[in-house]
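Trainee: Take a look at the following structure, please.
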Amino acid sequence: MADGFIKYRKLIIAAFQISLFAIIYLLSFLLRLDYHLPDHNRQAFYATLPIVLAVKAIVFYYFGLFRGWWRYVGMNDLADIIKAASASTVVSLSLVYLTKGFYGFPRSVWAIDWVLTILVIGGVRFAVRAYTESSVVERTGALTLIVGAGETGSSLARQMKSQHNLEYRPIGFVDDDRSKVGIKLQGLPVLGTTDELPRLIHQYAVEKVLIAIARLQGREVARIVDKCHGLPVEIKIVPTIGDLLRNSGVGHVTLNQLREIRIEDLLGRAPVRLEVAHIREKLAGHRILITGAGGSIGSELARQIAEFRPAQLVLFERSESDLHNLEIQLRERFAELDLVPVIGDITDLEQVQETFALYHPQSVFHAAAYKHVPLMERHLLQAVRNNVFGTVNVARAAAETRVEDFLMISSDKAVNPTSVMGATKRAAELVVAAFQSRGETRFVSVRFGNVLGSNGSVLPLFRRQIAARGPVTVTHPEVMRYFMTLTEAVQLVLQASTMGQGGEIFVLEMGEPIKIVDLARKLIRLSGLEPDRDIAIKFTGLRPGEKLFEELLIEGEDIRPTRHEKIRVFSSRPISYQQIKRRLEALAEALQRKDAAAVLDELCRLVPEYKPSPELLAWCEVNQYADRYLLAAR
């Protein structure tokens with residue numbers, strides 16, 4: 001029976017609607033003539049009925065109103081019904097008077113027929129939708145409360161009520177706009193504000209809470225999560241506008257895009273305002289090269305730059321697996337992009353020069369670097385070779401091939417460094433600034449703090465420890481860091497790339513620093529556990545080279561605002577390459593000899609504000625004795 005209905009569904013719907021047209025037309029006559037049809041009016045009805053039915057059938061078919069599922073009817077369908085009713089009325093009236101010309105035919109019948117057609121055809125469809133939605137709500141889903149009685153929340157509620165076999169059964173909204181409390185959206189009431197969440201969850205036995213505000217700031221998300229803490233509810237959130245556009249190319253939310261709350265959602269950072277026109281002018285149709293393209297920053301740079309349709313995107317990376325995975329991702333999303341993966345090492349000057357000579361990039365984003373602070377404390381020589389002289393190689397190749405723009409990714413650890421990683425990044429900043437005097441290329445650096453979820457971030461470590469039921473290890477109860485999301489960091493890097501004349505260091509606005517122990521506690525709670533009860537937090541002590549607090553400004557740097565509220569610029573005294581050339585040569589000579597003590601000494605001369613850790617000084621002394629022993633053995 002059901003299979004037969006589906007097979008002949010369109011014919012059944014067409015026959016039903018044509019029957020409704022006939023009834024509506026007859027009712028129009030009856031209403032106009034007070035339910036009494038004299039003989040001449042009855043004759044007029046029967047004579048014109050075939051014309052009216054034929055015209056309406058053709059016009060409604062043209063507007064697609066014999067197709068579609070009525071349970072999904074919306075405002076677009078109502079608009080089509082009004083257009084079809086209007087068009088069919090005009091055509092029918094014209095044909096009747098051209099072909100029949102009935103004298104005394106009641107012309108107001110056409111107006112009544114037009115109104116009834118809209119009311120009846122539209123009303124039947126919306127009645128079917130109301131019935132199917134109410135039956136779905138009664139049958140399925142967990143009791144769900146929607147935070148946000150706006151367009152996004154209303155859209156989600158409509159989807160929940162109109163689709164079968166869903167896990168959600170919406171019961172209402174909460175919204176902090178008190179003027180909305182008591183009104184209904186999609187037939188569901190606005191029950192209160194977010195401050196009343198605990199009471200509403202208990203009162204209505206709510207099982208799921210959906211945060212349906214795409215532009216909600218992190219501190220508000222954190223407040224809502226705190227309100228639900230300890231209650232037996234599952235919390236989900238809609239993706240950000242940026243995520244929607246990046247992943248689906250459209251800005252509306254569907255139910256299958258809802259996701260769990262992430263720690264990034266609690267950061268409290270406002271959405272980034274981008275000067276898209278400036279960025280597109282810089283990237284679209286240009287040849288771009290990214291070093292360290294397989295890393296967290298490099299790969300996100302590649303994804304975001306690809307959105308602007310560059311003429312060519314060269315990915316320079318030494319990790320084969322990371323580069324291979326990134327290439328697959330980009331080719332799937334950007335099939336037309338001229339993508340060039342290059343396996344290479346920035347410490348290999350000859351290969352770097354060959355790559356630049358072959359592809360002639362117009363803009364370079366230099367993201368390749370060693371970034372792990374504790375690891376670099378034990379690998380001084382490798383850090384200097386990669387972070388300092390790797391940067392020299394890339395900057396030199398850029399200057400030689402007259403690249404238009406060169407941007408280096410730096411770190412807040414370069415400010416008054418106490419670690420090898422920070423000192424080498426500060427030395428790299430000096431190199432980039434010095435190359436500004438060596439040609440036509442515009443050289444700038446961008447300095448920012450920790451990126452949540454990046455390679456080396458504490459988040460992956462914390463998640464593994466939580467999955468293993470602890471303990472979660474934190475170095476010190478007072479240690480604080482600046483954090484931003486990977487997407488935001490790269491967006492601001494692209495924005496900064498459109499600024500400056502050369503030689504500047506841009507710094508991204510990082511907001512307020514966050515205690516690492518607070519970050520750990522929030523992540524534990526997001527996992528449905530209670531810190532210090534379900535999972536212990538263990539303090540392990542600061543590691544060599546680490547600070548309690550990171551800084552963003554070196555003494556003598558002049559901080560100024562830019563045209564973007566989240567980017568500032570530091571301008572210090574201009575530096576020429578000749579000023580640091582002798583120091584770099586001495587550093588290179590010590591590195592060639594593998595003399596760790598001499599390398600450290602020259603690094604301190606190049607970066608006078610660097611204060612090496614006691615552990616590194618002791619290691620260099622031991623290493624010096626080891627070098628002497630090896631030389632004697634030879």
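Ordering of the structure tokens sets the chain letters (A, B, ...); residue numbers start at 1 within each chain; ligands are numbered from 1 in the order shown.
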Enumerate, in order of chain and increasing residue number, the residues of segment 455-539 of chain A with an atom no farther than 10 Å from segment 302-305 of chain A, each with its shortest atom pair and distance in Å to one decimal, counting only C-alpha atoms, as CSV.
Mentor:
```
residue,atom,partner,partner_atom,distance
A:Thr487,CA,A:Gln304,CA,8.6
A:Val490,CA,A:Gln304,CA,7.8
A:Gln491,CA,A:Gln304,CA,7.8
A:Leu494,CA,A:Ile305,CA,8.2
```
Trainee: Store the residues of this selection in a file with all heavy atoms, as an mmCIF file, in the first residue's frame.
Mentor:
```cif
data_model
loop_
_atom_site.group_PDB
_atom_site.id
_atom_site.type_symbol
_atom_site.label_atom_id
_atom_site.label_comp_id
_atom_site.auth_asym_id
_atom_site.auth_seq_id
_atom_site.Cartn_x
_atom_site.Cartn_y
_atom_site.Cartn_z
ATOM 1 N N THR A 487 43.041 29.098 14.314
ATOM 2 C CA THR A 487 42.365 29.836 13.244
ATOM 3 C C THR A 487 42.558 31.332 13.412
ATOM 4 O O THR A 487 42.889 32.054 12.459
ATOM 5 C CB THR A 487 40.862 29.500 13.240
ATOM 6 O OG1 THR A 487 40.701 28.101 13.003
ATOM 7 C CG2 THR A 487 40.131 30.281 12.156
ATOM 8 N N VAL A 490 46.238 32.545 12.661
ATOM 9 C CA VAL A 490 46.582 32.608 11.235
ATOM 10 C C VAL A 490 45.808 33.717 10.535
ATOM 11 O O VAL A 490 46.337 34.394 9.641
ATOM 12 C CB VAL A 490 46.333 31.240 10.573
ATOM 13 C CG1 VAL A 490 46.452 31.338 9.058
ATOM 14 C CG2 VAL A 490 47.344 30.228 11.114
ATOM 15 N N GLN A 491 44.561 33.943 10.927
ATOM 16 C CA GLN A 491 43.809 35.058 10.354
ATOM 17 C C GLN A 491 44.537 36.378 10.593
ATOM 18 O O GLN A 491 44.653 37.219 9.680
ATOM 19 C CB GLN A 491 42.408 35.120 10.969
ATOM 20 C CG GLN A 491 41.466 34.046 10.476
ATOM 21 C CD GLN A 491 40.127 34.092 11.189
ATOM 22 O OE1 GLN A 491 40.014 34.598 12.304
ATOM 23 N NE2 GLN A 491 39.093 33.566 10.553
ATOM 24 N N LEU A 494 47.691 36.722 8.451
ATOM 25 C CA LEU A 494 47.365 37.173 7.097
ATOM 26 C C LEU A 494 47.034 38.663 7.080
ATOM 27 O O LEU A 494 47.409 39.386 6.148
ATOM 28 C CB LEU A 494 46.191 36.369 6.538
ATOM 29 C CG LEU A 494 46.446 34.883 6.290
ATOM 30 C CD1 LEU A 494 45.196 34.212 5.725
ATOM 31 C CD2 LEU A 494 47.620 34.671 5.350
#
```
Trainee: Could you tell me which of A:Ser28, A:Ser299, A:Thr418, A:Ser154 comes closest to Leu326 of chain A if we count only C-alpha atoms?
Mentor: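 Going through A:Ser28, A:Ser299, A:Thr418, A:Ser154 one by one, the smallest distance to Leu326 of chain A is for A:Ser299.
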Trainee: Measuring between only C-alpha atoms, which one of A:Gly64, A:Gly390, A:Gly528, A:Gly541 shows the shortest distance to Cys228 of chain A?
Mentor: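 Nearest to Cys228 of chain A: A:Gly528.
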Trainee: Give the answer as one residue: which of A:Ala212, A:Ala496, A:Ala467, A:Ile514 has the shortest atom-to-atom distance to Leu452 of chain A, using only C-alpha atoms?
Mentor: A:Ile514
Trainee: Could you tell me how far atom CA of Val599 of chain A lies from atom CA of Val373 of chain A, in Å and to one decimal?
Mentor: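 It comes out at 17.6 Å.
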Trainee: Identify which of the residues A:Ile516, A:Leu323, A:Ile524, A:Val569 lies closest to His229 of chain A, counting only C-alpha atoms when measuring atom-to-atom distances.
Mentor: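 Among the listed residues, the smallest separation from His229 of chain A belongs to A:Ile524.
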Trainee: Counting only C-alpha atoms, which residue out of A:Lys208, A:Arg215, A:His286, A:Arg42 sits closest to Leu26 of chain A?
Mentor: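 Smallest distance to Leu26 of chain A is found for A:Arg42.
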Trainee: I want to know what sits within 12 Å of Val314 of chain A, based on only C-alpha atoms, with residues of the same chain fewer than 4 positions away left out; could you give that as a count of residues only?
Mentor: 39
Trainee: Counting only C-alpha atoms, which residue out of A:Tyr610, A:Trp114, A:Tyr204, A:Phe506 sits closest to Ala142 of chain A?
Mentor: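 For Ala142 of chain A, the nearest of the candidates is A:Tyr204.
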Trainee: For Arg533 of chain A, work out the shell of residues within 12 Å, counting only C-alpha atoms and skipping chain neighbours fewer than 2 positions away, then give it as a ChimeraX atom specification.
Mentor: /A:469-471,521,524-525,528-531,535-537
Trainee: Residues of segment 485-583 of chain A classed as strand (DSSP E) by DSSP on the backbone are to be reported as a ChimeraX atom specification.
Mentor: /A:485,505-508,514-515,537-539,558-561,567-571
Trainee: Write out as a PyMOL selection string all residues of segment 199-393 of chain A that DSSP puts in helix (DSSP H, G or I) for this structure's backbone.
Mentor: chain A and resi 199-203+218-228+241-248+255-257+263-266+276-283+296-306+320-333+349-359+373-377+380-393
Trainee: At a cut-off of 10 Å, using only C-alpha atoms, what residues contact Leu143 of chain A? Leave out same-chain residues fewer than 5 positions from it and give the result as a list in words.
Mentor: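 Using only C-alpha atoms, the neighbours found are Val137, Glu167, Tyr168, Arg169, Pro170, Ile171, Gly172, Ile201, Tyr204, Ala205, Val206, Glu207, Lys208, Val209 and Val233 of chain A.
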Trainee: Atom CA of Glu260 of chain A and atom CA of Ala222 of chain A are how many Å apart?
Mentor: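 These atoms are spaced 13.2 Å apart.
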Trainee: Can you tell me which residues surround segment 584-592 of chain A at a distance of at most 8 Å, considering only C-alpha atoms, apart from same-chain residues fewer than 2 positions away, and format the answer as number ranges by chain?
Mentor: A: 381, 385, 580-582, 594-596, 598-599, 602-603, 606
